[in-house]
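Working notes, structure below.
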Amino acid sequence: MDDNRDDKYEETELEKKDSGTEEKKSDDSGSDYEDVCFICRRPESKAGKMFKLPNNICVCDDCMHKTMDTVSQFDYQGLLNNPNMGDLNGKGFPNISFVNLADLKGDGGIPNKQKPKKKKKSAAEIDIRDIMPPHKIKQKLDEYVVGQEHAKKVMSVAVYNHYKRVATGTMDEIEIEKSNMLMIGPTGCGKTYLVKTLARLLDVPLAIADATSLTEAGYIGDDIESVVSKLLAAADNDVERAEQGIIFIDEIDKIAKKKNTNSRDVSGESVQQGMLKLLEGAEVEVPVGANSKNAMVPLATVNTRNILFICGGAFPDLDEIIKQRLNKKTSIGYSAELKDKYDKEKNILSRVTVEDIRKFGMIPEFIGRLPVIFTLEGLSRDMMVQILKEPRNAILKQYQKLLELDEVELLFNEGALEAIADKAMEKETGARALRAIIEEFMLDIMYEVPKDDNIGRVTITKEYIEGNGGPIIDIRSRSAEHPDRLKVVQQPVSGS
């Protein structure tokens with residue numbers, strides 16, 4: 001008995017080596033499909049190594065051994081020679097059937113188009129040497145974003161540390177915590193633009209969600225998991241790539257606890273509580289291609305452990321809460337501070353503390369999962385002028401490109417830029433006001449210039465912005481003495 005077992009063991013080992021060789025050959029062939037067992041119909045990924053038979057037939061190791069063990073107990077030579085495959089010497093085999101290989105010639109077996117696809121290889125791991133260092137990230141951001149030096153520095157360091165954490169994983173005994181961010185700044189200061197630029201530089205999936213549409217599960221509105229579903233869609237439904245992405249939740253201040261209300265707060269504190277597991281890291285089942293779960297939508301499991309969450313909001317009236325805290329020292333006497341001491345301070349938000357945010361209506365558990373808190377300063381007049389002309393895709397450069405397609409040069413005087421910045425400061429809506437102002441005074445120019453092919457250059461002046469004059473129009477007509485020069489004719493555009 002022992003000798004037979006040893007012989008059988010040696011045969012099994014030999015079969016394993018042979019099947020391993022065959023498997024390697026099939027993998028080296030470069031096929032995108034995997035083999036399927038002809039008997040049990042299981043693919044190679046589940047059944048294991050396959051035996052290759054003629055006519056493209058594959059049999060898994062289990063089925064091959066079961067067949068050989070069963071057939072070896074009987075006189076299978078007589079059985080195969082019996083055309084009826086019925087009773088032989090009074091013995092019946094009701095549960096055993098044999099395949100006639102002759103019937104499988106030609107297109108027999110399983111064609112490649114019916115084989116299941118091999119499982120995709122996992123996404124490439126992030127190499128720690130390929131991660132852009134903080135100073136280079138900030139240099140790239142400087143090309144697109146004017147000012148906000150502190151915010152760009154904080155974001156560069158936080159993102160660098162986060163992707164170092166993703167690259168190392170759990171290979172060390174010290175586990176690095178996730179550095180989610182909370183950015184606070186007035187409207188139009190560049191919060192969303194910063195995140196969009198950052199994701200484009202890092203080439204990672206980015207999902208931008210709006211917290212105002214989120215509600216507690218079971219109510220009309222988007223479920224909390226919909227923010228992860230948007231990230232999955234941005235990653236082309238690649239779960240492993242989505243698990244290394246960035247989620248930016250805008251208007252986060254709109255889910256603060258509602259004050260003086262007796263109704264159920266389904267879009268306030270309950271949403272904050274539901275987001276706790278997402279921010280910290282958990283296995284979340286999200287619908288693929290939809291905002292809510294239902295029977296018709298497939299679900300995918302996404303681990304949010306390595307997803308970087310950036311929350312941003314304007315937090316209106318937060319400056320009043322900060323002033324109340326700072327003015328607690330006011331009293332009567334020589335050491336007293338004036339109550340209006342901080343009223344004229346522009347960047348009062350830079351003095352924010354966790355206590356101020358909690359008083360605004362954010363629960364402590366939510367704030368604790370956003371360890372990196374920083375503020376963006378309001379835009380000054382000089383920053384407005386820089387935004388108009390310096391960034392790589394500045395507003396003025398966009399209009400210059402539009403007129404360049406009509407072979408017309410567009411110029412702006414320095415006084416015109418300052419006049420635009422002054423008007424934008426009056427609107428108090430940040431950089432968004434610049435676009436509205438430029439659209440207004442460029443309307444007539446964009447309408448009139450295509451009419452006349454002789455126009456070669458348009459110069460915007462301060463008087464035109466203020467409504468006291470018109471732009472300088474340079475006509476293409478050339479004199480006989482100086483054919484290479486344009487004739488300068490200052491005239492207002494109709495409608496100005």
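In the structure tokens, the first chain shown is A, the next is B, and so on; residue numbers restart at 1 for each chain, and ligands run from 1 in the order shown.
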
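For Glu404 in chain A, the non-local neighbours within 12 Å, defined as residues at least 5 positions apart in the same chain or in other chains and counting only C-alpha atoms, are Lys397, Gln398, Tyr399, Glu409, Leu410, Leu411, Met446, Val449, Pro450, Ile455, Gly456, Arg457 and Val458 of chain A.
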
(request) Can you pull out every residue within 8 Å of Glu243 in chain A, counting only C-alpha atoms, but drop anything in the same chain fewer than 5 positions away, and send it as a PyMOL selection string? (result) chain A and resi 302-307

May I have a table of the residues of range 272-381 of chain A lying at most 10 Å from range 178-189 of chain A, giving each one's closest pair of atoms and their distance in Å to one decimal, counting only C-alpha atoms, ordered by chain and ascending residue number, as a tab-separated table?
residue	atom	partner	partner_atom	distance
A:Leu279	CA	A:Asn180	CA	7.5
A:Glu280	CA	A:Lys178	CA	7.6
A:Gly281	CA	A:Lys178	CA	8.9
A:Arg305	CA	A:Lys178	CA	7.9
A:Asn306	CA	A:Lys178	CA	7.5
A:Ile307	CA	A:Lys178	CA	8.6
A:Leu308	CA	A:Asn180	CA	5.9
A:Phe309	CA	A:Asn180	CA	5.1
A:Ile310	CA	A:Met181	CA	4.7
A:Cys311	CA	A:Leu182	CA	4.8
A:Gly312	CA	A:Met183	CA	4.7
A:Gly313	CA	A:Ile184	CA	5.5
A:Ala314	CA	A:Pro186	CA	4.8
A:Phe315	CA	A:Ile184	CA	6.9
A:Pro316	CA	A:Pro186	CA	7.8
A:Leu318	CA	A:Ile184	CA	9.7
A:Asn347	CA	A:Gly185	CA	9.4
A:Leu349	CA	A:Gly185	CA	7.4
A:Ser350	CA	A:Ile184	CA	8.9
A:Val352	CA	A:Ile184	CA	9.2
A:Ile367	CA	A:Leu182	CA	8.5
A:Gly368	CA	A:Asn180	CA	9.8
A:Arg369	CA	A:Asn180	CA	6.9
A:Leu370	CA	A:Asn180	CA	4.9
A:Pro371	CA	A:Asn180	CA	6.2
A:Val372	CA	A:Met181	CA	4.6
A:Ile373	CA	A:Leu182	CA	4.8
A:Phe374	CA	A:Met183	CA	5.2
A:Thr375	CA	A:Ile184	CA	4.6
A:Leu376	CA	A:Gly185	CA	4.6
A:Glu377	CA	A:Gly185	CA	6.3
A:Gly378	CA	A:Cys189	CA	6.0
A:Leu379	CA	A:Cys189	CA	6.3

(request) Quick one: pick out all strand (DSSP E or B) residues within range 100-318 of chain A from a backbone DSSP run and write them as a ChimeraX atom specification. (result) /A:117,181-184,206-210,214,222,246-250,283-287,299-303,308-313

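Counting only C-alpha atoms, the residue from A:Lys277, A:His162, A:Leu434, A:Met362 that sits nearest to Ala394 in chain A is A:Leu434.
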
(message) Would you pick out the contacts of Ile395 in chain A at 12 Å or less, using only C-alpha atoms, so that residues sharing its chain but fewer than 2 positions from it are not included, and give the list as an MDAnalysis selection string?
(response) chainID A and resid 144 384:393 397:402 412 417 420 431:439 442
